[in-house]
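K.L.:
I have a structure here, written as structure tokens, and I will follow up with some questions on it.
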Amino acid sequence: MTTIAIPKSKEELYTEFRLLADKLAVLGLSQYEARAYIALIAHGYGNADVVATTAQIPRTSSYKVLQSLEAKRFAIGTQGRPKIFKPEPPKNVYERFKADLEETFEKLSLLHEIVYDRGLPQLIYTIAGKEKVIEKIGELLDKSTRSFMICTPAFSSIRDKLHKKFQSALSRGVSITIVTSPTQGRPDYAKVAHRDGLLATDVIADYEQALIAAPDLSACGYTDNELLAKHLQDFIDIMLGHKE
């Protein structure tokens with residue numbers, strides 16, 4: 001059992017507050033969002049003013065931060081004015097992300113097992129750095145001649161960087177499919193499916209190349225092996241209910 005030390009002073013409390021906020025970043029929360037979520041948990045509920053004071057974030061930003069937490073399913077907004085927000089229970093958040101992580105590592109394990117069983121060397125290459133990962137996604141998009149599928153919770157970040165490349169691929173007749181969360185919008189140049197709870201970013205180009213990236217796009221694994229790309233495509237099709 002983990003032993004949790006109770007802060008004994010105001011300084012220790014704020015130190016623990018900052019540490020918790022930093023750790024929540026791995027779940028895709030900004031520093032303000034993490035602080036606001038912790039503040040909601042501390043109070044049980046609150047409006048933008050209360051959260052701004054406790055979380056030490058600008059009052060002008062607090063309402064938008066709470067709306068973002070609601071969209072990401074970390075908070076529940078009530079009707080009325082001022083709007084009151086309640087925190088999604090930490091246990092519920094944990095169970096949701098636990099399921100997402102299991103799904104991501106199932107994909108990685110699948111790729112690993114195929115490589116191990118077949119003795120195929122140097123099939124998965126690691127790329128580090130968000131800019132380089134997005135650049136690699138853009139490269140796969142540029143090289144696509146038939147189809148391009150991207151399954152990601154971070155489509156808005158990718159779209160902002162690669163908008164022209166998406167348009168160029170479309171003009172070449174590439175069939176583009178995007179699977180993303182409901183909060184990410186619906187581009188008019190692609191087939192779009194919305195799915196809650198996405199964590200990793202998966203890309204399959206022409207059923208020949210594949211990429212799996214971390215939630216914050218800080219690193220990815222890439223392969224140009226058709227067998228691995230097909231297995232990842234099959235996995236995503238099953239996830240989306242396209243195959244049994």
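So you can find residues: chains in the structure tokens are A, B, ... in the order shown, residues in each start at 1, and ligands are numbered from 1 in order.
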Residues within 7 Å of A:Gln209, please, as a PDB file with C-alpha atoms, in the first residue's frame. Count only C-alpha atoms; anything in the same chain fewer than 2 positions from it doesn't count.

P.N.:
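Listing of part.pdb after writing:
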ATOM      1  CA  ILE A 204      -1.488   4.241 -41.720  1.00  0.00           C
ATOM      2  CA  ALA A 205      -0.474   5.376 -45.207  1.00  0.00           C
ATOM      3  CA  ASP A 206      -1.412   3.293 -48.267  1.00  0.00           C
ATOM      4  CA  TYR A 207      -1.644   0.229 -45.992  1.00  0.00           C
ATOM      5  CA  THR A 223       7.616   1.224 -39.731  1.00  0.00           C
ATOM      6  CA  ASP A 224       7.570   0.806 -43.501  1.00  0.00           C
ATOM      7  CA  ASN A 225       6.818  -2.904 -43.234  1.00  0.00           C
ATOM      8  CA  GLU A 226       3.525  -3.726 -44.973  1.00  0.00           C
ATOM      9  CA  ALA A 229       0.988  -1.652 -41.204  1.00  0.00           C
TER      10      ALA A 229
END

K.L.:
Please return as a ChimeraX atom specification: the residues of stretch 37-235 of chain A that backbone DSSP assigns to alpha helix (DSSP H).

P.N.:
/A:37-43,48-55,59-71,90-118,130-143,155-171,226-235

K.L.:
Nearest to A:Ile57: which of A:Gln31, A:Arg146, A:Ala75, A:Tyr45 is it, counting only C-alpha atoms?

P.N.:
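Answer, going by the shortest atom-to-atom distance: A:Gln31.
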
K.L.:
So that I can check the surroundings of A:Glu208, please list as a VMD selection string every protein, DNA and RNA residue that reaches within 12 Å of it, counting only C-alpha atoms and ignoring chain neighbours fewer than 6 positions away.

P.N.:
chain A and resid 140 143 to 149 222 to 233

K.L.:
Between A:Pro89, A:Lys23, A:Leu199, A:Leu69, which residue has the minimum interatomic distance to A:Ala42, considering only C-alpha atoms?

P.N.:
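Answer, going by the shortest atom-to-atom distance: A:Pro89.
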
K.L.:
Which residues come within 8 Å of stretch 167-171 of chain A, counting only C-alpha atoms, excluding same-chain residues fewer than 2 positions away, as a list in words?

P.N.:
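Those residues are Leu141, Asp142, Ser144, Thr145, His163, Lys164, Lys165, Gly173, Val174, Ser175, Ile176 and Tyr189 of chain A.
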
K.L.:
Fewer than 4 positions away in the same chain doesn't count, so skip those; otherwise give me all residues within 12 Å of A:Gly197, counting only C-alpha atoms, as number ranges by chain.

P.N.:
A: 27-28, 71-74, 93-104, 151-154, 179-183, 201, 215, 239

K.L.:
Write out, as a PDB file, in the first residue's frame, the residues just selected, with N, CA and C atoms.

P.N.:
ATOM      1  N   LEU A  27      -1.666  13.270 -18.783  1.00  0.00           N
ATOM      2  CA  LEU A  27      -3.008  12.937 -19.247  1.00  0.00           C
ATOM      3  C   LEU A  27      -3.516  13.929 -20.284  1.00  0.00           C
ATOM      4  N   GLY A  28      -2.636  14.820 -20.725  1.00  0.00           N
ATOM      5  CA  GLY A  28      -3.010  15.757 -21.771  1.00  0.00           C
ATOM      6  C   GLY A  28      -3.584  17.069 -21.262  1.00  0.00           C
ATOM      7  N   ALA A  71     -14.939  19.506 -21.703  1.00  0.00           N
ATOM      8  CA  ALA A  71     -14.820  18.849 -23.009  1.00  0.00           C
ATOM      9  C   ALA A  71     -13.939  17.610 -22.930  1.00  0.00           C
ATOM     10  N   LYS A  72     -12.927  17.658 -22.082  1.00  0.00           N
ATOM     11  CA  LYS A  72     -12.005  16.532 -21.927  1.00  0.00           C
ATOM     12  C   LYS A  72     -12.495  15.516 -20.899  1.00  0.00           C
ATOM     13  N   ARG A  73     -13.689  15.748 -20.352  1.00  0.00           N
ATOM     14  CA  ARG A  73     -14.338  14.832 -19.413  1.00  0.00           C
ATOM     15  C   ARG A  73     -13.607  14.744 -18.079  1.00  0.00           C
ATOM     16  N   PHE A  74     -13.059  15.876 -17.657  1.00  0.00           N
ATOM     17  CA  PHE A  74     -12.480  15.980 -16.318  1.00  0.00           C
ATOM     18  C   PHE A  74     -13.394  16.775 -15.389  1.00  0.00           C
ATOM     19  N   VAL A  93     -11.717   8.945 -13.928  1.00  0.00           N
ATOM     20  CA  VAL A  93     -10.668   9.374 -14.853  1.00  0.00           C
ATOM     21  C   VAL A  93      -9.605   8.289 -14.970  1.00  0.00           C
ATOM     22  N   TYR A  94      -9.225   7.724 -13.823  1.00  0.00           N
ATOM     23  CA  TYR A  94      -8.211   6.663 -13.819  1.00  0.00           C
ATOM     24  C   TYR A  94      -8.655   5.469 -14.652  1.00  0.00           C
ATOM     25  N   GLU A  95      -9.894   5.029 -14.459  1.00  0.00           N
ATOM     26  CA  GLU A  95     -10.384   3.861 -15.192  1.00  0.00           C
ATOM     27  C   GLU A  95     -10.427   4.135 -16.691  1.00  0.00           C
ATOM     28  N   ARG A  96     -10.797   5.369 -17.085  1.00  0.00           N
ATOM     29  CA  ARG A  96     -10.858   5.705 -18.501  1.00  0.00           C
ATOM     30  C   ARG A  96      -9.479   5.668 -19.140  1.00  0.00           C
ATOM     31  N   PHE A  97      -8.505   6.280 -18.463  1.00  0.00           N
ATOM     32  CA  PHE A  97      -7.166   6.309 -19.024  1.00  0.00           C
ATOM     33  C   PHE A  97      -6.484   4.945 -18.917  1.00  0.00           C
ATOM     34  N   LYS A  98      -6.840   4.180 -17.929  1.00  0.00           N
ATOM     35  CA  LYS A  98      -6.298   2.821 -17.822  1.00  0.00           C
ATOM     36  C   LYS A  98      -6.711   1.998 -19.036  1.00  0.00           C
ATOM     37  N   ALA A  99      -7.987   2.135 -19.425  1.00  0.00           N
ATOM     38  CA  ALA A  99      -8.478   1.415 -20.605  1.00  0.00           C
ATOM     39  C   ALA A  99      -7.789   1.910 -21.870  1.00  0.00           C
ATOM     40  N   ASP A 100      -7.577   3.229 -21.965  1.00  0.00           N
ATOM     41  CA  ASP A 100      -6.912   3.788 -23.142  1.00  0.00           C
ATOM     42  C   ASP A 100      -5.472   3.298 -23.243  1.00  0.00           C
ATOM     43  N   LEU A 101      -4.766   3.275 -22.096  1.00  0.00           N
ATOM     44  CA  LEU A 101      -3.377   2.815 -22.091  1.00  0.00           C
ATOM     45  C   LEU A 101      -3.291   1.339 -22.462  1.00  0.00           C
ATOM     46  N   GLU A 102      -4.224   0.551 -21.955  1.00  0.00           N
ATOM     47  CA  GLU A 102      -4.235  -0.877 -22.296  1.00  0.00           C
ATOM     48  C   GLU A 102      -4.403  -1.064 -23.796  1.00  0.00           C
ATOM     49  N   GLU A 103      -5.283  -0.243 -24.398  1.00  0.00           N
ATOM     50  CA  GLU A 103      -5.499  -0.331 -25.840  1.00  0.00           C
ATOM     51  C   GLU A 103      -4.226   0.033 -26.601  1.00  0.00           C
ATOM     52  N   THR A 104      -3.552   1.106 -26.148  1.00  0.00           N
ATOM     53  CA  THR A 104      -2.317   1.544 -26.809  1.00  0.00           C
ATOM     54  C   THR A 104      -1.238   0.478 -26.712  1.00  0.00           C
ATOM     55  N   CYS A 151      -5.690   8.353 -36.649  1.00  0.00           N
ATOM     56  CA  CYS A 151      -6.547   8.163 -35.486  1.00  0.00           C
ATOM     57  C   CYS A 151      -5.849   8.873 -34.327  1.00  0.00           C
ATOM     58  N   THR A 152      -6.384  10.012 -33.878  1.00  0.00           N
ATOM     59  CA  THR A 152      -5.645  10.837 -32.926  1.00  0.00           C
ATOM     60  C   THR A 152      -6.568  11.709 -32.079  1.00  0.00           C
ATOM     61  N   PRO A 153      -6.204  11.946 -30.802  1.00  0.00           N
ATOM     62  CA  PRO A 153      -6.950  12.899 -29.981  1.00  0.00           C
ATOM     63  C   PRO A 153      -6.443  14.327 -30.183  1.00  0.00           C
ATOM     64  N   ALA A 154      -5.349  14.476 -30.946  1.00  0.00           N
ATOM     65  CA  ALA A 154      -4.684  15.779 -31.089  1.00  0.00           C
ATOM     66  C   ALA A 154      -4.744  16.280 -32.524  1.00  0.00           C
ATOM     67  N   VAL A 179     -10.004   9.853 -37.518  1.00  0.00           N
ATOM     68  CA  VAL A 179     -10.725   9.425 -36.321  1.00  0.00           C
ATOM     69  C   VAL A 179     -10.193  10.283 -35.179  1.00  0.00           C
ATOM     70  N   THR A 180     -11.061  11.061 -34.560  1.00  0.00           N
ATOM     71  CA  THR A 180     -10.612  11.965 -33.505  1.00  0.00           C
ATOM     72  C   THR A 180     -11.727  12.157 -32.487  1.00  0.00           C
ATOM     73  N   SER A 181     -11.443  12.898 -31.425  1.00  0.00           N
ATOM     74  CA  SER A 181     -12.418  13.109 -30.360  1.00  0.00           C
ATOM     75  C   SER A 181     -13.465  14.125 -30.807  1.00  0.00           C
ATOM     76  N   PRO A 182     -14.654  14.104 -30.195  1.00  0.00           N
ATOM     77  CA  PRO A 182     -15.737  15.010 -30.605  1.00  0.00           C
ATOM     78  C   PRO A 182     -15.379  16.487 -30.494  1.00  0.00           C
ATOM     79  N   THR A 183     -14.433  16.833 -29.632  1.00  0.00           N
ATOM     80  CA  THR A 183     -14.076  18.247 -29.429  1.00  0.00           C
ATOM     81  C   THR A 183     -13.148  18.782 -30.514  1.00  0.00           C
ATOM     82  N   THR A 201      -1.686   8.402 -31.033  1.00  0.00           N
ATOM     83  CA  THR A 201      -1.926   8.799 -32.419  1.00  0.00           C
ATOM     84  C   THR A 201      -1.423   7.687 -33.333  1.00  0.00           C
ATOM     85  N   PRO A 215       0.765  10.329 -26.617  1.00  0.00           N
ATOM     86  CA  PRO A 215      -0.356  11.275 -26.533  1.00  0.00           C
ATOM     87  C   PRO A 215       0.027  12.722 -26.807  1.00  0.00           C
ATOM     88  N   MET A 239     -11.378  -1.887 -33.628  1.00  0.00           N
ATOM     89  CA  MET A 239     -11.703  -0.893 -32.620  1.00  0.00           C
ATOM     90  C   MET A 239     -12.904  -0.057 -33.039  1.00  0.00           C
TER      91      MET A 239
END

K.L.:
I need the strand (DSSP E or B) residues of stretch 207-241 of chain A per DSSP on the backbone, written as JSON, numbers by chain.

P.N.:
{"A": [209, 210, 211, 212, 213, 219, 220, 221, 222, 223]}

K.L.:
Using atom CA of A:Thr177 and atom CA of A:Ser218 as the two end points, give the distance in Å to one decimal.

P.N.:
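Between atom CA of A:Thr177 and atom CA of A:Ser218 the gap works out to 22.8 Å.
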
K.L.:
Which one is closest to A:Asp234: A:Asn92, A:Arg35, A:Pro82, A:Ala210? Count only C-alpha atoms.

P.N.:
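Looking at the shortest contact to A:Asp234, the residue is A:Ala210.
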